[in-house]
file run_27.cif (mmCIF, C-alpha atoms)
data_work
#
loop_
_atom_site.label_atom_id
_atom_site.label_comp_id
_atom_site.auth_asym_id
_atom_site.auth_seq_id
_atom_site.Cartn_x
_atom_site.Cartn_y
_atom_site.Cartn_z
CA MET A 1 -17.76 -21.76 -7.65
CA ARG A 2 -20.00 -21.87 -10.69
CA ARG A 3 -20.32 -18.56 -12.53
CA ILE A 4 -23.68 -17.53 -13.91
CA ARG A 5 -23.55 -16.36 -17.52
CA ASN A 6 -27.12 -15.87 -18.70
CA ILE A 7 -30.05 -14.55 -16.65
CA LEU A 8 -33.72 -14.04 -17.52
CA PHE A 9 -35.08 -11.18 -15.40
CA LEU A 10 -38.89 -10.81 -15.20
CA SER A 11 -40.48 -7.66 -13.78
CA PRO A 12 -44.01 -6.24 -13.45
CA ARG A 13 -42.75 -2.66 -13.90
CA GLN A 14 -40.44 -0.33 -15.75
CA CYS A 15 -37.59 0.28 -13.32
CA TYR A 16 -36.37 3.47 -14.98
CA PRO A 17 -36.33 6.20 -13.89
CA PRO A 18 -35.64 4.64 -10.47
CA LEU A 19 -37.66 7.10 -8.41
CA SER A 20 -39.60 4.76 -6.12
CA GLY A 21 -38.54 2.09 -3.65
CA GLY A 22 -39.42 -0.90 -5.81
CA LYS A 23 -37.84 0.61 -8.92
CA LEU A 24 -34.68 1.55 -7.04
CA ARG A 25 -34.20 -1.99 -5.76
CA GLU A 26 -34.88 -3.56 -9.12
CA PHE A 27 -32.65 -1.13 -11.04
CA HIS A 28 -29.61 -1.49 -8.81
CA LEU A 29 -29.85 -5.26 -8.38
CA ALA A 30 -30.39 -5.76 -12.11
CA ARG A 31 -27.37 -3.54 -12.77
CA ALA A 32 -25.26 -5.66 -10.43
CA LEU A 33 -26.33 -8.90 -12.11
CA GLY A 34 -25.73 -7.34 -15.52
CA ARG A 35 -22.09 -6.67 -14.63
CA HIS A 36 -21.44 -10.42 -14.42
CA ALA A 37 -23.94 -12.02 -16.78
CA ALA A 38 -25.88 -11.42 -19.97
CA LEU A 39 -29.12 -10.06 -18.54
CA THR A 40 -32.36 -10.28 -20.52
CA HIS A 41 -34.78 -7.84 -18.89
CA VAL A 42 -38.49 -8.43 -19.57
CA SER A 43 -41.04 -6.02 -18.13
CA PHE A 44 -44.41 -4.47 -18.73
CA THR A 45 -44.33 -1.02 -20.28
CA GLN A 46 -45.87 1.81 -18.28
CA ALA A 47 -48.98 3.44 -19.72
CA GLY A 48 -48.17 6.72 -21.46
CA ARG A 49 -44.41 6.18 -21.35
CA PRO A 50 -42.07 4.79 -24.02
CA ALA A 51 -40.47 1.40 -23.60
CA LEU A 52 -37.12 1.21 -21.85
CA THR A 53 -34.02 1.45 -24.02
CA SER A 54 -30.37 0.43 -23.77
CA ALA A 55 -29.52 4.04 -22.93
CA GLU A 56 -31.55 3.71 -19.75
CA LEU A 57 -30.53 0.12 -18.95
CA PRO A 58 -27.01 -0.11 -20.45
CA PHE A 59 -26.19 -3.13 -18.29
CA CYS A 60 -28.76 -5.31 -20.10
CA HIS A 61 -27.88 -7.71 -22.90
CA ARG A 62 -31.46 -7.53 -24.15
CA ILE A 63 -34.54 -5.49 -23.20
CA VAL A 64 -37.96 -6.93 -23.99
CA PRO A 65 -40.93 -4.59 -23.41
CA VAL A 66 -44.41 -6.10 -23.12
CA PRO A 67 -47.57 -3.96 -23.31
CA SER A 68 -49.05 -3.51 -19.85
CA PRO A 69 -52.42 -5.18 -19.40
CA PRO A 70 -55.33 -3.13 -18.02
CA LEU A 71 -55.40 -3.20 -14.23
CA TYR A 72 -58.31 -3.54 -11.80
CA THR A 73 -60.94 -4.29 -14.43
CA ALA A 74 -64.25 -5.77 -13.27
CA GLY A 75 -63.28 -9.11 -14.77
CA LYS A 76 -59.93 -9.15 -13.02
CA ILE A 77 -61.48 -8.20 -9.70
CA ALA A 78 -63.88 -11.12 -10.06
CA ARG A 79 -61.07 -13.50 -11.06
CA GLY A 80 -59.02 -12.25 -8.14
CA LEU A 81 -61.79 -13.20 -5.78
CA LEU A 82 -62.91 -16.47 -7.37
CA GLY A 83 -60.03 -17.79 -9.50
CA ARG A 84 -56.72 -19.45 -8.69
CA TRP A 85 -54.70 -16.24 -8.35
CA PRO A 86 -55.44 -13.20 -6.16
CA LEU A 87 -55.91 -9.81 -7.80
CA SER A 88 -52.33 -8.76 -7.00
CA VAL A 89 -51.18 -11.52 -9.35
CA VAL A 90 -54.05 -11.40 -11.86
CA ASN A 91 -53.29 -7.75 -12.60
CA TYR A 92 -49.90 -8.74 -14.04
CA THR A 93 -50.98 -11.83 -15.93
CA SER A 94 -51.23 -11.56 -19.71
CA ASP A 95 -50.98 -13.74 -22.79
CA GLU A 96 -48.50 -11.25 -24.28
CA MET A 97 -46.08 -11.69 -21.39
CA GLU A 98 -46.32 -15.48 -21.54
CA ALA A 99 -45.69 -15.38 -25.30
CA ALA A 100 -42.64 -13.14 -24.83
CA ILE A 101 -41.21 -15.47 -22.20
CA GLY A 102 -41.88 -18.50 -24.37
CA ALA A 103 -40.12 -16.94 -27.37
CA LEU A 104 -37.03 -16.19 -25.27
CA LEU A 105 -36.91 -19.70 -23.81
CA GLY A 106 -37.05 -21.07 -27.34
CA GLN A 107 -34.08 -18.94 -28.40
CA GLU A 108 -31.69 -19.15 -25.46
CA GLN A 109 -30.71 -21.34 -22.55
CA PHE A 110 -30.71 -19.42 -19.28
CA ASP A 111 -28.75 -20.27 -16.15
CA LEU A 112 -31.51 -18.92 -13.93
CA VAL A 113 -34.74 -16.93 -13.93
CA HIS A 114 -35.04 -13.98 -11.54
CA ILE A 115 -38.66 -13.05 -10.83
CA ASP A 116 -38.96 -9.58 -9.37
CA SER A 117 -41.79 -9.81 -6.80
CA VAL A 118 -44.51 -12.38 -6.32
CA HIS A 119 -46.83 -10.35 -8.57
CA MET A 120 -45.37 -12.40 -11.44
CA ALA A 121 -46.08 -15.76 -9.81
CA ALA A 122 -48.63 -16.80 -12.44
CA TYR A 123 -45.80 -17.43 -14.91
CA ALA A 124 -44.10 -20.00 -12.67
CA PRO A 125 -46.09 -23.00 -14.00
CA PHE A 126 -45.24 -21.98 -17.58
CA LEU A 127 -41.57 -21.67 -16.67
CA GLN A 128 -41.58 -25.08 -15.01
CA ARG A 129 -42.94 -26.64 -18.20
CA ASN A 130 -40.56 -24.88 -20.57
CA THR A 131 -37.16 -24.48 -18.88
CA ARG A 132 -34.89 -26.31 -16.47
CA ALA A 133 -33.40 -23.04 -15.26
CA PRO A 134 -33.90 -22.52 -11.51
CA VAL A 135 -36.45 -19.85 -10.60
CA ILE A 136 -35.63 -17.35 -7.85
CA TYR A 137 -38.01 -14.74 -6.43
CA ASP A 138 -37.00 -11.35 -5.10
CA TRP A 139 -39.59 -10.51 -2.43
CA HIS A 140 -39.86 -6.74 -2.19
CA ASN A 141 -42.34 -7.31 0.62
CA ILE A 142 -44.29 -10.16 2.14
CA GLU A 143 -47.32 -9.12 0.11
CA SER A 144 -49.89 -10.96 2.23
CA GLU A 145 -48.63 -9.03 5.26
CA VAL A 146 -48.90 -5.73 3.39
CA MET A 147 -52.44 -6.52 2.31
CA ARG A 148 -53.46 -7.70 5.77
CA ARG A 149 -52.22 -4.46 7.30
CA TYR A 150 -54.08 -2.51 4.64
CA SER A 151 -57.27 -4.41 5.41
CA GLU A 152 -57.02 -3.28 9.02
CA ASN A 153 -56.98 0.39 8.01
CA ALA A 154 -59.05 0.51 4.80
CA GLY A 155 -61.66 3.21 4.70
CA SER A 156 -64.75 1.26 3.66
CA PRO A 157 -66.21 -2.10 4.74
CA PHE A 158 -66.01 -3.36 1.15
CA HIS A 159 -62.29 -2.52 0.85
CA ARG A 160 -61.59 -4.09 4.25
CA LEU A 161 -63.41 -7.28 3.29
CA TYR A 162 -61.81 -7.54 -0.15
CA ALA A 163 -58.33 -6.77 1.20
CA SER A 164 -58.71 -9.34 3.95
CA ALA A 165 -59.74 -12.00 1.44
CA THR A 166 -56.88 -11.04 -0.87
CA ALA A 167 -54.41 -11.24 2.01
CA ARG A 168 -55.48 -14.82 2.74
CA ARG A 169 -55.19 -15.81 -0.90
CA LEU A 170 -51.79 -14.14 -1.21
CA ALA A 171 -50.61 -16.08 1.82
CA ALA A 172 -51.60 -19.31 0.07
CA VAL A 173 -49.67 -18.29 -3.06
CA GLU A 174 -46.64 -17.41 -0.97
CA LYS A 175 -46.64 -20.79 0.73
CA GLU A 176 -46.86 -22.49 -2.66
CA ILE A 177 -43.94 -20.62 -4.23
CA LEU A 178 -41.84 -21.08 -1.09
CA ARG A 179 -42.15 -24.81 -1.60
CA GLN A 180 -41.74 -24.87 -5.38
CA ALA A 181 -39.18 -22.19 -6.32
CA PHE A 182 -35.44 -22.84 -6.25
CA GLY A 183 -34.67 -19.86 -4.02
CA HIS A 184 -35.84 -16.58 -2.53
CA VAL A 185 -34.32 -13.20 -1.72
CA VAL A 186 -35.85 -10.95 0.96
CA CYS A 187 -35.10 -7.46 2.25
CA SER A 188 -34.60 -8.15 5.96
CA LYS A 189 -33.79 -10.79 8.55
CA ARG A 190 -37.27 -10.40 9.97
CA GLU A 191 -38.80 -11.44 6.66
CA ARG A 192 -36.40 -14.38 6.31
CA GLU A 193 -37.36 -15.65 9.75
CA GLN A 194 -41.05 -15.25 8.97
CA LEU A 195 -40.82 -17.13 5.66
CA SER A 196 -38.50 -19.80 7.06
CA GLY A 197 -41.19 -20.56 9.61
CA LEU A 198 -43.54 -21.37 6.73
CA ALA A 199 -40.99 -23.36 4.71
CA PRO A 200 -37.98 -24.46 6.79
CA ARG A 201 -36.28 -26.12 3.82
CA ALA A 202 -36.53 -23.14 1.47
CA ARG A 203 -33.38 -21.34 0.33
CA ILE A 204 -33.81 -17.77 1.58
CA ALA A 205 -31.12 -15.10 1.48
CA VAL A 206 -31.23 -11.55 2.82
CA VAL A 207 -30.17 -8.77 0.45
CA GLU A 208 -31.25 -5.54 2.08
CA ASN A 209 -32.48 -2.44 0.34
CA GLY A 210 -29.71 0.04 -0.27
CA VAL A 211 -28.67 3.52 -1.27
CA ASP A 212 -26.30 5.12 -3.75
CA ALA A 213 -24.40 6.85 -0.97
CA GLY A 214 -21.81 8.39 -3.28
CA SER A 215 -24.41 10.48 -5.10
CA PHE A 216 -24.97 12.76 -2.09
CA SER A 217 -22.74 15.67 -1.09
CA ASP A 218 -21.58 16.37 2.45
CA SER A 219 -21.90 20.14 2.04
CA ALA A 220 -25.17 21.60 3.30
CA PRO A 221 -26.51 24.44 5.49
CA PRO A 222 -26.38 24.01 9.28
CA PRO A 223 -29.57 23.02 11.13
CA ASP A 224 -30.38 26.54 12.35
CA ARG A 225 -30.83 27.63 8.71
CA ARG A 226 -33.12 24.77 7.73
CA CYS A 227 -36.88 25.24 7.73
CA ARG A 228 -38.08 22.31 5.63
CA ILE A 229 -39.52 18.97 6.80
CA VAL A 230 -39.60 16.44 3.96
CA PHE A 231 -41.57 13.27 3.37
CA VAL A 232 -40.18 11.52 0.29
CA GLY A 233 -41.85 8.59 -1.46
CA SER A 234 -44.20 7.58 -4.24
CA MET A 235 -47.37 9.48 -3.48
CA ASN A 236 -49.67 7.14 -5.39
CA GLY A 237 -49.33 4.10 -3.13
CA HIS A 238 -51.70 3.49 -0.25
CA PRO A 239 -49.13 3.43 2.61
CA ASN A 240 -47.66 6.79 1.61
CA ILE A 241 -51.06 8.32 0.88
CA GLU A 242 -52.43 7.17 4.22
CA GLY A 243 -49.32 8.34 6.04
CA ALA A 244 -49.27 11.75 4.39
CA VAL A 245 -52.97 12.41 4.99
CA TRP A 246 -52.78 11.30 8.62
CA PHE A 247 -49.69 13.38 9.35
CA VAL A 248 -50.98 16.54 7.69
CA ARG A 249 -54.45 16.33 9.25
CA SER A 250 -53.55 15.10 12.73
CA VAL A 251 -49.95 16.12 13.47
CA TRP A 252 -48.86 19.00 11.26
CA PRO A 253 -51.25 21.70 12.59
CA GLY A 254 -49.62 21.57 16.02
CA ILE A 255 -46.12 21.67 14.53
CA HIS A 256 -47.00 24.56 12.23
CA ALA A 257 -48.50 26.53 15.13
CA ARG A 258 -45.25 26.13 17.07
CA PHE A 259 -42.94 26.72 14.08
CA PRO A 260 -44.88 28.84 11.54
CA SER A 261 -41.82 29.38 9.33
CA TRP A 262 -41.41 25.65 8.68
CA ARG A 263 -42.65 24.03 5.48
CA LEU A 264 -43.76 20.43 5.12
CA THR A 265 -42.79 19.23 1.65
CA LEU A 266 -44.29 16.02 0.25
CA VAL A 267 -41.88 14.92 -2.48
CA GLY A 268 -42.89 12.04 -4.70
CA SER A 269 -44.18 10.88 -8.04
CA ASP A 270 -47.78 10.87 -9.23
CA PRO A 271 -49.48 12.25 -6.09
CA ALA A 272 -52.98 10.91 -5.62
CA PRO A 273 -55.91 13.36 -5.35
CA ALA A 274 -55.96 12.90 -1.57
CA VAL A 275 -52.32 14.03 -1.44
CA LEU A 276 -52.82 16.95 -3.84
CA ALA A 277 -55.66 18.17 -1.61
CA LEU A 278 -53.18 18.60 1.25
CA ARG A 279 -51.77 21.69 -0.47
CA ASP A 280 -54.69 23.58 1.03
CA GLN A 281 -53.18 23.15 4.50
CA ALA A 282 -51.02 25.98 5.82
CA GLY A 283 -47.32 25.37 5.35
CA VAL A 284 -47.74 22.26 3.17
CA GLU A 285 -46.44 21.87 -0.38
CA VAL A 286 -46.74 18.91 -2.77
CA THR A 287 -44.07 18.76 -5.46
CA GLY A 288 -45.19 15.88 -7.64
CA THR A 289 -42.48 14.07 -9.60
CA VAL A 290 -39.04 15.66 -9.31
CA SER A 291 -35.93 14.78 -11.29
CA ASP A 292 -33.60 15.26 -8.31
CA VAL A 293 -34.50 15.06 -4.64
CA ARG A 294 -31.13 16.31 -3.38
CA PRO A 295 -32.01 20.03 -3.32
CA TYR A 296 -34.91 19.27 -0.95
CA TYR A 297 -32.66 17.29 1.38
CA GLN A 298 -30.14 20.13 1.43
CA GLU A 299 -32.80 22.41 2.92
CA ALA A 300 -34.30 19.82 5.27
CA LEU A 301 -34.13 19.95 9.04
CA ALA A 302 -35.49 16.40 9.08
CA ALA A 303 -36.96 13.68 6.90
CA ILE A 304 -40.13 12.08 8.25
CA VAL A 305 -41.51 8.59 7.60
CA PRO A 306 -45.06 8.65 9.01
CA LEU A 307 -46.04 5.17 7.85
CA ARG A 308 -48.52 3.18 9.90
CA THR A 309 -48.92 0.16 7.60
CA VAL A 310 -46.87 -1.94 5.09
CA GLY A 311 -43.84 -4.20 5.41
CA GLY A 312 -40.45 -4.29 3.71
CA THR A 313 -37.80 -1.68 4.37
CA ARG A 314 -37.78 2.01 3.65
CA LEU A 315 -35.20 2.96 1.03
CA LYS A 316 -35.93 6.65 1.59
CA ILE A 317 -34.65 6.39 5.15
CA LEU A 318 -31.27 5.31 3.83
CA GLU A 319 -31.40 8.01 1.17
CA ALA A 320 -32.08 10.72 3.74
CA MET A 321 -29.28 9.41 5.96
CA ALA A 322 -26.84 9.38 3.04
CA ALA A 323 -27.85 12.97 2.31
CA GLY A 324 -27.01 13.98 5.88
CA VAL A 325 -30.58 14.53 7.08
CA PRO A 326 -31.83 13.16 10.43
CA VAL A 327 -34.83 10.86 10.19
CA VAL A 328 -37.92 10.77 12.39
CA SER A 329 -40.04 7.69 11.71
CA THR A 330 -42.72 5.46 13.10
CA THR A 331 -41.64 1.99 14.13
CA PHE A 332 -43.46 0.61 11.09
CA GLY A 333 -41.64 3.07 8.84
CA ALA A 334 -38.20 1.87 9.94
CA GLU A 335 -39.14 -1.81 10.01
CA GLY A 336 -36.48 -4.09 8.57
CA LEU A 337 -33.55 -1.69 8.89
CA SER A 338 -30.79 -2.16 11.45
CA VAL A 339 -31.44 1.20 13.08
CA SER A 340 -30.82 2.18 16.71
CA PRO A 341 -33.48 4.59 18.02
CA GLY A 342 -31.86 7.58 19.64
CA ALA A 343 -28.49 6.84 18.06
CA ASP A 344 -29.11 7.07 14.30
CA ILE A 345 -32.87 7.67 14.10
CA LEU A 346 -35.69 9.12 16.19
CA ILE A 347 -38.95 7.21 16.60
CA ALA A 348 -42.39 8.82 16.90
CA ASP A 349 -45.35 6.44 17.07
CA GLN A 350 -47.97 8.65 18.73
CA ASP A 351 -49.39 11.92 17.41
CA GLU A 352 -47.95 13.80 20.37
CA ASP A 353 -44.41 12.42 19.81
CA TRP A 354 -43.67 14.28 16.59
CA LEU A 355 -43.49 17.88 17.81
CA PRO A 356 -40.94 17.25 20.59
CA ARG A 357 -38.77 15.08 18.31
CA LEU A 358 -38.62 17.76 15.63
CA ALA A 359 -38.19 20.53 18.19
CA GLU A 360 -35.18 18.69 19.62
CA LEU A 361 -33.56 18.63 16.20
CA SER A 362 -34.19 22.34 15.80
CA HIS A 363 -32.90 23.39 19.22
CA GLN A 364 -30.13 20.86 19.85
CA ALA A 365 -27.39 21.23 17.23
CA GLU A 366 -25.31 18.53 18.91
CA LEU A 367 -28.14 16.00 18.56
CA TRP A 368 -28.69 16.98 14.92
CA HIS A 369 -25.03 16.52 14.03
CA ARG A 370 -24.75 13.27 15.99
CA LEU A 371 -27.73 11.73 14.19
CA THR A 372 -26.42 12.99 10.86
CA ALA A 373 -23.01 11.38 11.36
CA ALA A 374 -24.47 8.10 12.61
CA GLY A 375 -26.98 8.01 9.76
CA ARG A 376 -24.28 8.50 7.14
CA GLU A 377 -22.24 5.72 8.68
CA LEU A 378 -25.25 3.39 8.62
CA ALA A 379 -26.05 4.29 5.00
CA ARG A 380 -22.54 3.30 3.89
CA ARG A 381 -23.26 -0.23 5.12
CA TYR A 382 -26.14 -0.40 2.64
CA ASP A 383 -24.30 0.66 -0.52
CA TRP A 384 -25.99 -0.79 -3.62
CA ASP A 385 -22.75 -2.00 -5.19
CA THR A 386 -21.92 -4.10 -2.14
CA LEU A 387 -25.44 -5.50 -1.93
CA GLY A 388 -25.49 -6.29 -5.64
CA GLU A 389 -22.24 -8.25 -5.40
CA SER A 390 -23.73 -10.17 -2.49
CA LEU A 391 -26.76 -11.08 -4.62
CA TYR A 392 -24.65 -12.41 -7.50
CA ASP A 393 -22.39 -14.37 -5.15
CA THR A 394 -25.47 -15.86 -3.46
CA TYR A 395 -26.86 -17.02 -6.79
CA CYS A 396 -23.54 -18.54 -7.83
CA GLY A 397 -23.19 -20.29 -4.48
CA TRP A 398 -26.66 -21.78 -4.66
CA LEU A 399 -26.16 -23.13 -8.16
CA SER A 400 -22.68 -24.50 -7.37
CA ALA A 401 -24.00 -26.38 -4.35
CA CYS A 402 -26.62 -28.11 -6.51
CA ARG A 403 -24.38 -29.27 -9.36
#

call {"tool": "encode", "arguments": {"input": "run_27.cif", "output": "structure tokens"}}
result
Amino acid sequence: MRRIRNILFLSPRQCYPPLSGGKLREFHLARALGRHAALTHVSFTQAGRPALTSAELPFCHRIVPVPSPPLYTAGKIARGLLGRWPLSVVNYTSDEMEAAIGALLGQEQFDLVHIDSVHMAAYAPFLQRNTRAPVIYDWHNIESEVMRRYSENAGSPFHRLYASATARRLAAVEKEILRQAFGHVVCSKREREQLSGLAPRARIAVVENGVDAGSFSDSAPPPDRRCRIVFVGSMNGHPNIEGAVWFVRSVWPGIHARFPSWRLTLVGSDPAPAVLALRDQAGVEVTGTVSDVRPYYQEALAAIVPLRTVGGTRLKILEAMAAGVPVVSTTFGAEGLSVSPGADILIADQDEDWLPRLAELSHQAELWHRLTAAGRELARRYDWDTLGESLYDTYCGWLSACR
């Protein structure tokens, strides 16, 4: 089988520190590829933060930072509505990035180009003109699906209309890259089936989201000494914001009335104003960015995933399971994971479902321990090292078959 020696890795974000779902996936998969090949990592810098260094990404052969373009400007919004690319792509399109890619292609010959998410799709035509290296997309989500679901729940008529239009335009972009790119990697079988229906001849492999299971300790207080409910995730993204606000306003008051000693802790980076405002609710705390989430899991009776929109898979479910914390989630929240409701996770889709699910975990130690053991076992199946090896082997297999 052909071995891949030189990879160009294009990303719309800085993946370090890996504190959010997208950054975690990118960091661990890039690390896996970097074990086998010289990895050139090109990404936009994050406003207000220094560029990534070899100390943070030691598995990279070269790190190329590109200044982040301004996002959501009036001009970009107009181009996103009227131009070739939707706003989700326009936001990450810049002359500086194209110049950086062009300089690298002039210096080195790459075996393949890994594009991390369809947000970078605008560079595909340039790549096609300037390199023969196959282009492979890692789909963190089916972005048109995410946007469509957002349009159904957006707060204002303008946002609903714009999101709906963007969803349609994203769907057109997705169909185009499915036909043109060499290959695609998705997070779940459901997504592979959905995309295969659009492009039956496309190469599509499943590499699930994972967890660094070995970083969590088995030692922790028993359930009867735990009084914390945690919701972990980036608190500046719409799905988490919407989920947190809904849960705190609609569900938490009843839980707090029944269990006044419990605390609901929203753990996640860069909380939006709507999330920060939830601190005014009794029993609710918002941490903001934390360097280590493990202490919160060690005090948690349960981890909740109250998501009602978005696609992809929830890395924080696997993280909670690896930490030995039972998970209560909506069906949407657990979408894409091979979970078994009642065996390794509890599902709560209606407002009135949450209190009895959490009460069961509090009162039934046997249930708590059974879910904890089953969750840990499931998390081990999703170890990042195993998934990363699968990704590299998939790439080598694809290229060998086309020699």

call {"tool": "resolve_selection", "arguments": {"input": "run_27.cif", "expression": "the PyMOL selection byres ((chain A and resi 153-157) around 12)", "output": "ChimeraX atom specification"}}
result
/A:146-152,158-164,238-239,241-243,246,307-310

call {"tool": "write_last_selection", "arguments": {"input": "run_27.cif", "atoms": "C-alpha atoms", "output": "compact mmCIF listing (two decimals), in the frame of the given file"}}
result
# COMPACT_ATOMS: atom_id res chain seq x y z
CA VAL A 146 -48.90 -5.73 3.39
CA MET A 147 -52.44 -6.52 2.31
CA ARG A 148 -53.46 -7.70 5.77
CA ARG A 149 -52.22 -4.46 7.30
CA TYR A 150 -54.08 -2.51 4.64
CA SER A 151 -57.27 -4.41 5.41
CA GLU A 152 -57.02 -3.28 9.02
CA PHE A 158 -66.01 -3.36 1.15
CA HIS A 159 -62.29 -2.52 0.85
CA ARG A 160 -61.59 -4.09 4.25
CA LEU A 161 -63.41 -7.28 3.29
CA TYR A 162 -61.81 -7.54 -0.15
CA ALA A 163 -58.33 -6.77 1.20
CA SER A 164 -58.71 -9.34 3.95
CA HIS A 238 -51.70 3.49 -0.25
CA PRO A 239 -49.13 3.43 2.61
CA ILE A 241 -51.06 8.32 0.88
CA GLU A 242 -52.43 7.17 4.22
CA GLY A 243 -49.32 8.34 6.04
CA TRP A 246 -52.78 11.30 8.62
CA LEU A 307 -46.04 5.17 7.85
CA ARG A 308 -48.52 3.18 9.90
CA THR A 309 -48.92 0.16 7.60
CA VAL A 310 -46.87 -1.94 5.09

call {"tool": "atom_distance", "arguments": {"input": "run_27.cif", "atom1": "atom CA of A:Pro65", "atom2": "atom CA of A:Cys15"}}
result
11.7 Å

call {"tool": "resolve_selection", "arguments": {"input": "run_27.cif", "expression": "the PyMOL selection byres ((chain A and resi 10) around 8)", "output": "ChimeraX atom specification"}}
result
/A:8-9,11-12,41-43,113-116,120

call {"tool": "closest_residue", "arguments": {"input": "run_27.cif", "among": "A:Ala320, A:Val275, A:Ser117, A:Thr131", "to": "A:Ala103", "atoms": "only C-alpha atoms"}}
result
A:Thr131

call {"tool": "resolve_selection", "arguments": {"input": "run_27.cif", "expression": "the PyMOL selection byres ((chain A and resi 16) around 9)", "output": "mmCIF file with C-alpha atoms, in the frame of the given file"}}
result
data_model
loop_
_atom_site.group_PDB
_atom_site.id
_atom_site.type_symbol
_atom_site.label_atom_id
_atom_site.label_comp_id
_atom_site.auth_asym_id
_atom_site.auth_seq_id
_atom_site.Cartn_x
_atom_site.Cartn_y
_atom_site.Cartn_z
ATOM 1 C CA ARG A 13 -42.750 -2.660 -13.900
ATOM 2 C CA GLN A 14 -40.440 -0.330 -15.750
ATOM 3 C CA CYS A 15 -37.590 0.280 -13.320
ATOM 4 C CA PRO A 17 -36.330 6.200 -13.890
ATOM 5 C CA PRO A 18 -35.640 4.640 -10.470
ATOM 6 C CA LEU A 19 -37.660 7.100 -8.410
ATOM 7 C CA LYS A 23 -37.840 0.610 -8.920
ATOM 8 C CA LEU A 24 -34.680 1.550 -7.040
ATOM 9 C CA PHE A 27 -32.650 -1.130 -11.040
ATOM 10 C CA LEU A 52 -37.120 1.210 -21.850
ATOM 11 C CA GLU A 56 -31.550 3.710 -19.750
ATOM 12 C CA LEU A 57 -30.530 0.120 -18.950
#

call {"tool": "closest_residue", "arguments": {"input": "run_27.cif", "among": "A:Val230, A:Asp393, A:Leu301, A:Arg381", "to": "A:Ala37", "atoms": "all atoms listed in the file"}}
result
A:Asp393

call {"tool": "atom_distance", "arguments": {"input": "run_27.cif", "atom1": "atom CA of A:Phe44", "atom2": "atom CA of A:Pro134"}}
result
22.1 Å

call {"tool": "closest_residue", "arguments": {"input": "run_27.cif", "among": "A:Ala348, A:Val186, A:Leu112, A:Ala124", "to": "A:Phe247", "atoms": "all atoms listed in the file"}}
result
A:Ala348

call {"tool": "residues_around", "arguments": {"input": "run_27.cif", "residues": "A:Ile255", "least_positions_apart": "4", "cutoff": "9 Å", "atoms": "all atoms listed in the file", "output": "list in words"}}
result
Val251, Phe259, Pro260, Trp262, Trp354, Leu355, Leu358 and Ala359 of chain A

call {"tool": "atom_distance", "arguments": {"input": "run_27.cif", "atom1": "atom CA of A:Gly183", "atom2": "atom CA of A:Lys76"}}
result
28.9 Å

call {"tool": "closest_residue", "arguments": {"input": "run_27.cif", "among": "A:Gly254, A:Gly336, A:Pro326, A:Pro295", "to": "A:Glu360", "atoms": "only C-alpha atoms"}}
result
A:Pro326

call {"tool": "residues_around", "arguments": {"input": "run_27.cif", "residues": "A:Arg226", "least_positions_apart": "2", "cutoff": "9 Å", "atoms": "all atoms listed in the file", "output": "PyMOL selection string"}}
result
chain A and resi 221-224+228-229+262+298-302+362
